[in-house]
file upload_29.cif (mmCIF, C-alpha atoms)
data_data
#
loop_
_atom_site.label_atom_id
_atom_site.label_comp_id
_atom_site.auth_asym_id
_atom_site.auth_seq_id
_atom_site.Cartn_x
_atom_site.Cartn_y
_atom_site.Cartn_z
CA MET A 1 157.13 146.25 108.29
CA VAL A 2 153.85 148.06 107.46
CA ASP A 3 152.44 150.40 110.07
CA ALA A 4 148.72 149.86 110.79
CA GLU A 5 148.05 153.48 109.79
CA ASP A 6 149.56 152.77 106.38
CA THR A 7 147.23 149.83 105.71
CA ILE A 8 144.81 150.50 102.89
CA MET A 9 141.36 149.04 103.38
CA LEU A 10 139.72 147.51 100.34
CA MET A 11 136.56 149.41 99.46
CA TYR A 12 134.13 148.70 96.63
CA THR A 13 130.44 148.64 95.75
CA ARG A 14 128.29 145.76 94.55
CA PRO A 15 124.59 144.95 94.15
CA ALA A 16 122.89 144.30 97.48
CA GLN A 17 121.80 140.74 98.21
CA PRO A 18 119.01 139.59 100.56
CA GLU A 19 121.61 138.29 103.02
CA ASP A 20 123.02 141.86 103.27
CA PHE A 21 119.76 143.16 104.71
CA PRO A 22 120.69 143.02 108.43
CA ALA A 23 123.88 145.03 107.79
CA ILE A 24 122.03 147.46 105.48
CA TRP A 25 119.34 148.01 108.11
CA ALA A 26 122.00 148.52 110.80
CA ALA A 27 123.77 151.14 108.64
CA PHE A 28 120.45 152.86 108.01
CA GLN A 29 119.55 152.90 111.72
CA ASP A 30 123.00 154.34 112.38
CA GLY A 31 122.21 157.09 109.89
CA VAL A 32 118.82 157.74 111.47
CA ALA A 33 120.44 158.17 114.89
CA TYR A 34 123.19 160.41 113.47
CA LEU A 35 120.71 162.70 111.70
CA GLY A 36 118.64 162.90 114.89
CA GLU A 37 121.73 163.93 116.85
CA GLN A 38 122.30 166.68 114.28
CA GLY A 39 118.76 167.98 114.78
CA ALA A 40 117.66 166.96 111.28
CA SER A 41 114.09 165.85 110.61
CA GLN A 42 115.23 163.53 107.80
CA TRP A 43 114.34 159.86 108.46
CA GLN A 44 112.87 160.75 111.86
CA GLY A 45 109.43 159.28 112.52
CA GLU A 46 106.62 159.31 110.00
CA GLY A 47 107.69 159.20 106.38
CA ALA A 48 111.05 157.49 107.06
CA PRO A 49 112.01 154.61 104.77
CA ASP A 50 110.90 151.28 106.22
CA LYS A 51 112.26 147.74 105.92
CA ALA A 52 109.88 146.94 103.06
CA LEU A 53 111.32 149.78 100.96
CA PHE A 54 114.87 148.46 101.37
CA GLU A 55 113.67 144.92 100.59
CA LYS A 56 111.99 146.27 97.43
CA ASP A 57 115.26 147.99 96.44
CA ILE A 58 117.15 144.71 96.83
CA ALA A 59 114.54 142.59 95.02
CA ASN A 60 114.48 145.01 92.06
CA GLY A 61 118.27 145.22 91.78
CA TRP A 62 118.25 148.89 92.82
CA GLY A 63 120.13 148.48 96.11
CA ILE A 64 123.90 148.92 96.18
CA VAL A 65 126.15 148.19 99.15
CA LEU A 66 129.50 149.72 99.96
CA ILE A 67 131.94 147.10 101.21
CA TYR A 68 134.71 148.38 103.46
CA ASP A 69 137.22 146.04 105.07
CA GLY A 70 135.08 143.05 104.06
CA GLN A 71 131.88 144.35 105.69
CA VAL A 72 128.75 146.12 104.45
CA ALA A 73 129.41 149.67 105.60
CA GLY A 74 127.11 151.75 103.43
CA TYR A 75 124.10 151.65 101.17
CA GLY A 76 122.40 153.58 98.38
CA SER A 77 119.75 152.82 95.80
CA LEU A 78 119.34 153.63 92.12
CA VAL A 79 115.60 153.97 91.55
CA PRO A 80 114.41 154.44 87.96
CA GLY A 81 112.06 157.39 87.36
CA PRO A 82 109.57 158.74 86.94
CA GLU A 83 108.79 159.70 90.51
CA ALA A 84 105.66 161.76 91.12
CA GLU A 85 107.44 164.22 93.44
CA TYR A 86 110.21 164.84 90.91
CA GLU A 87 107.61 165.69 88.27
CA ILE A 88 106.40 168.70 90.31
CA LEU A 89 109.81 170.17 91.11
CA GLN A 90 109.64 173.80 92.20
CA GLY A 91 112.41 174.71 89.78
CA GLU A 92 113.50 173.15 86.52
CA TRP A 93 115.29 169.96 85.50
CA VAL A 94 117.49 170.47 82.45
CA GLY A 95 118.32 168.29 79.46
CA ASP A 96 116.18 166.18 77.21
CA GLU A 97 116.93 162.66 78.37
CA PRO A 98 113.82 160.47 78.15
CA GLU A 99 114.62 158.61 81.39
CA TYR A 100 116.35 159.35 84.66
CA VAL A 101 117.42 157.49 87.76
CA ALA A 102 117.27 158.81 91.30
CA ILE A 103 119.80 158.08 94.01
CA HIS A 104 118.06 157.45 97.32
CA ARG A 105 118.72 156.20 100.86
CA VAL A 106 122.46 156.92 100.95
CA THR A 107 123.80 155.98 104.36
CA ILE A 108 127.21 155.22 105.83
CA ASN A 109 127.91 153.21 108.98
CA SER A 110 129.23 155.33 111.85
CA HIS A 111 132.49 153.38 112.16
CA ILE A 112 133.71 154.82 108.84
CA ARG A 113 131.79 158.11 108.70
CA GLY A 114 134.03 161.12 108.15
CA LYS A 115 136.54 159.31 105.92
CA GLY A 116 135.10 160.51 102.61
CA VAL A 117 133.37 157.24 101.84
CA GLY A 118 129.98 158.94 101.37
CA LYS A 119 131.48 160.77 98.41
CA THR A 120 133.02 157.51 97.16
CA LEU A 121 129.69 155.71 97.42
CA THR A 122 127.88 158.54 95.63
CA ARG A 123 130.47 158.57 92.82
CA ASP A 124 130.14 154.79 92.48
CA LEU A 125 126.35 155.14 92.29
CA VAL A 126 126.78 157.70 89.50
CA ASN A 127 129.12 155.34 87.63
CA LEU A 128 126.71 152.43 88.05
CA ALA A 129 123.81 154.57 86.85
CA ARG A 130 125.82 155.51 83.76
CA ALA A 131 126.75 151.85 83.18
CA ARG A 132 123.02 151.05 83.32
CA GLY A 133 122.42 153.54 80.52
CA TYR A 134 121.25 156.60 82.45
CA ARG A 135 122.60 160.03 81.56
CA ASP A 136 120.22 162.01 83.79
CA ILE A 137 120.87 161.30 87.48
CA ARG A 138 118.93 162.98 90.27
CA ILE A 139 119.24 163.09 94.04
CA ASP A 140 117.55 164.96 96.87
CA THR A 141 118.13 165.70 100.53
CA PHE A 142 116.55 167.65 103.34
CA PRO A 143 117.62 171.31 103.71
CA GLU A 144 119.16 170.68 107.15
CA ASN A 145 121.33 167.78 105.95
CA ILE A 146 124.41 169.91 105.27
CA ILE A 147 126.78 166.92 105.17
CA MET A 148 124.82 165.25 102.35
CA GLN A 149 124.53 168.57 100.51
CA ASN A 150 128.34 168.79 100.57
CA VAL A 151 128.65 165.21 99.28
CA ILE A 152 126.17 165.96 96.50
CA THR A 153 127.85 169.18 95.34
CA LYS A 154 131.34 167.65 95.59
CA THR A 155 130.20 164.93 93.19
CA ASP A 156 129.23 167.59 90.61
CA PHE A 157 125.44 167.66 91.03
CA THR A 158 123.72 170.99 90.40
CA TYR A 159 120.85 172.32 92.51
CA ARG A 160 117.63 172.51 90.46
CA GLY A 161 114.93 173.44 92.99
CA MET A 162 112.74 172.14 95.78
CA VAL A 163 111.13 168.72 95.53
CA PRO A 164 107.82 168.66 97.42
CA PHE A 165 107.38 165.50 99.51
CA GLU A 166 104.55 164.74 101.92
CA PHE A 167 106.90 164.65 104.92
CA GLY A 168 109.11 167.60 104.07
CA ASP A 169 110.35 169.40 100.98
CA ARG A 170 113.84 168.49 99.80
CA LEU A 171 116.58 170.09 97.79
CA GLY A 172 116.66 168.55 94.31
CA TYR A 173 119.91 168.10 92.40
CA GLN A 174 120.74 166.80 88.95
CA LEU A 175 123.82 165.52 87.14
CA LEU A 176 123.91 165.01 83.38
CA VAL A 177 126.67 162.68 82.22
CA ASP A 178 127.95 161.76 78.75
#
call {"tool": "encode", "arguments": {"input": "upload_29.cif", "output": "structure tokens"}}
result
Amino acid sequence: MVDAEDTIMLMYTRPAQPEDFPAIWAAFQDGVAYLGEQGASQWQGEGAPDKALFEKDIANGWGIVLIYDGQVAGYGSLVPGPEAEYEILQGEWVGDEPEYVAIHRVTINSHIRGKGVGKTLTRDLVNLARARGYRDIRIDTFPENIIMQNVITKTDFTYRGMVPFEFGDRLGYQLLVD
């Protein structure tokens, strides 16, 4: 007999579909609330991603969902550069790759937060970016989002400087892959 604690939940990523939107939005709203509880300004009020941005991600094939126990439990997007804010980094990107992709809008539903799935999702996004031909992968987060900073550094990204955004500067990170 298998103990419930020994049960392994199936977890994987796949491209987001329009029918995933309600679950994606719910996971995002969960993330907004969690960051607010932590005192972070990220995704709070003006400048927060809106529904149209997520819909654009999905329509362009940039949105990726994390499936955990048969349900959408997380989300991230792989947005091809260039991005104006990344071009004025207060620091220096390294490497000579002609193109890059940026990981954005990483969020995990509260019912599985704290189980390391944010790191799993981020690693999967890196692998998908590489499979799509990108060797230069970038990501940013707000200075007060310590949890995401830990996820980013534990997935081998290197801090490169501050990325100036209209609604708050962010820490910019880069990963170059073979």
call {"tool": "resolve_selection", "arguments": {"input": "upload_29.cif", "expression": "the PyMOL selection byres ((chain A and resi 148) around 12)", "output": "PDB file with C-alpha atoms, keeping the file's coordinate frame"}}
result
ATOM      1  CA  GLY A  31     122.210 157.090 109.890  1.00  0.00           C
ATOM      2  CA  LEU A  35     120.710 162.700 111.700  1.00  0.00           C
ATOM      3  CA  ALA A  40     117.660 166.960 111.280  1.00  0.00           C
ATOM      4  CA  GLN A  42     115.230 163.530 107.800  1.00  0.00           C
ATOM      5  CA  HIS A 104     118.060 157.450  97.320  1.00  0.00           C
ATOM      6  CA  ARG A 105     118.720 156.200 100.860  1.00  0.00           C
ATOM      7  CA  VAL A 106     122.460 156.920 100.950  1.00  0.00           C
ATOM      8  CA  THR A 107     123.800 155.980 104.360  1.00  0.00           C
ATOM      9  CA  ILE A 108     127.210 155.220 105.830  1.00  0.00           C
ATOM     10  CA  ARG A 113     131.790 158.110 108.700  1.00  0.00           C
ATOM     11  CA  GLY A 114     134.030 161.120 108.150  1.00  0.00           C
ATOM     12  CA  GLY A 116     135.100 160.510 102.610  1.00  0.00           C
ATOM     13  CA  VAL A 117     133.370 157.240 101.840  1.00  0.00           C
ATOM     14  CA  GLY A 118     129.980 158.940 101.370  1.00  0.00           C
ATOM     15  CA  LYS A 119     131.480 160.770  98.410  1.00  0.00           C
ATOM     16  CA  LEU A 121     129.690 155.710  97.420  1.00  0.00           C
ATOM     17  CA  THR A 122     127.880 158.540  95.630  1.00  0.00           C
ATOM     18  CA  ILE A 139     119.240 163.090  94.040  1.00  0.00           C
ATOM     19  CA  ASP A 140     117.550 164.960  96.870  1.00  0.00           C
ATOM     20  CA  THR A 141     118.130 165.700 100.530  1.00  0.00           C
ATOM     21  CA  PHE A 142     116.550 167.650 103.340  1.00  0.00           C
ATOM     22  CA  PRO A 143     117.620 171.310 103.710  1.00  0.00           C
ATOM     23  CA  GLU A 144     119.160 170.680 107.150  1.00  0.00           C
ATOM     24  CA  ASN A 145     121.330 167.780 105.950  1.00  0.00           C
ATOM     25  CA  ILE A 146     124.410 169.910 105.270  1.00  0.00           C
ATOM     26  CA  ILE A 147     126.780 166.920 105.170  1.00  0.00           C
ATOM     27  CA  GLN A 149     124.530 168.570 100.510  1.00  0.00           C
ATOM     28  CA  ASN A 150     128.340 168.790 100.570  1.00  0.00           C
ATOM     29  CA  VAL A 151     128.650 165.210  99.280  1.00  0.00           C
ATOM     30  CA  ILE A 152     126.170 165.960  96.500  1.00  0.00           C
ATOM     31  CA  THR A 153     127.850 169.180  95.340  1.00  0.00           C
ATOM     32  CA  LYS A 154     131.340 167.650  95.590  1.00  0.00           C
ATOM     33  CA  THR A 155     130.200 164.930  93.190  1.00  0.00           C
ATOM     34  CA  PHE A 157     125.440 167.660  91.030  1.00  0.00           C
ATOM     35  CA  ARG A 170     113.840 168.490  99.800  1.00  0.00           C
ATOM     36  CA  LEU A 171     116.580 170.090  97.790  1.00  0.00           C
ATOM     37  CA  GLY A 172     116.660 168.550  94.310  1.00  0.00           C
ATOM     38  CA  TYR A 173     119.910 168.100  92.400  1.00  0.00           C
TER      39      TYR A 173
END
call {"tool": "residues_around", "arguments": {"input": "upload_29.cif", "residues": "A:Glu99", "least_positions_apart": "4", "cutoff": "9 Å", "atoms": "all atoms listed in the file", "output": "list in words"}}
result
Pro80, Gly81, Pro82, Tyr134, Arg135 and Asp136 of chain A
call {"tool": "closest_residue", "arguments": {"input": "upload_29.cif", "among": "A:Trp43, A:Tyr86, A:Tyr68, A:Phe54", "to": "A:Phe165", "atoms": "all atoms listed in the file"}}
result
A:Tyr86
call {"tool": "resolve_selection", "arguments": {"input": "upload_29.cif", "expression": "the PyMOL selection byres ((chain A and resi 56-66) around 7)", "output": "number ranges by chain"}}
result
A: 12-18, 52-55, 67-68, 72-79, 121
call {"tool": "write_last_selection", "arguments": {"input": "upload_29.cif", "atoms": "C-alpha atoms", "output": "mmCIF file, in the frame of the given file"}}
result
data_model
loop_
_atom_site.group_PDB
_atom_site.id
_atom_site.type_symbol
_atom_site.label_atom_id
_atom_site.label_comp_id
_atom_site.auth_asym_id
_atom_site.auth_seq_id
_atom_site.Cartn_x
_atom_site.Cartn_y
_atom_site.Cartn_z
ATOM 1 C CA TYR A 12 134.130 148.700 96.630
ATOM 2 C CA THR A 13 130.440 148.640 95.750
ATOM 3 C CA ARG A 14 128.290 145.760 94.550
ATOM 4 C CA PRO A 15 124.590 144.950 94.150
ATOM 5 C CA ALA A 16 122.890 144.300 97.480
ATOM 6 C CA GLN A 17 121.800 140.740 98.210
ATOM 7 C CA PRO A 18 119.010 139.590 100.560
ATOM 8 C CA ALA A 52 109.880 146.940 103.060
ATOM 9 C CA LEU A 53 111.320 149.780 100.960
ATOM 10 C CA PHE A 54 114.870 148.460 101.370
ATOM 11 C CA GLU A 55 113.670 144.920 100.590
ATOM 12 C CA ILE A 67 131.940 147.100 101.210
ATOM 13 C CA TYR A 68 134.710 148.380 103.460
ATOM 14 C CA VAL A 72 128.750 146.120 104.450
ATOM 15 C CA ALA A 73 129.410 149.670 105.600
ATOM 16 C CA GLY A 74 127.110 151.750 103.430
ATOM 17 C CA TYR A 75 124.100 151.650 101.170
ATOM 18 C CA GLY A 76 122.400 153.580 98.380
ATOM 19 C CA SER A 77 119.750 152.820 95.800
ATOM 20 C CA LEU A 78 119.340 153.630 92.120
ATOM 21 C CA VAL A 79 115.600 153.970 91.550
ATOM 22 C CA LEU A 121 129.690 155.710 97.420
#
call {"tool": "closest_residue", "arguments": {"input": "upload_29.cif", "among": "A:Asp69, A:Asn127, A:Glu37, A:Asp169", "to": "A:Glu85", "atoms": "all atoms listed in the file"}}
result
A:Asp169
call {"tool": "closest_residue", "arguments": {"input": "upload_29.cif", "among": "A:Lys51, A:Tyr100, A:Glu83, A:Ser41", "to": "A:Gln29", "atoms": "all atoms listed in the file"}}
result
A:Lys51
call {"tool": "residues_around", "arguments": {"input": "upload_29.cif", "residues": "A:Gly91", "least_positions_apart": "3", "cutoff": "7 Å", "atoms": "all atoms listed in the file", "output": "number ranges by chain"}}
result
A: 160-162
call {"tool": "closest_residue", "arguments": {"input": "upload_29.cif", "among": "A:Asp50, A:Asp156, A:Asp178, A:Asp124", "to": "A:Met11", "atoms": "all atoms listed in the file"}}
result
A:Asp124
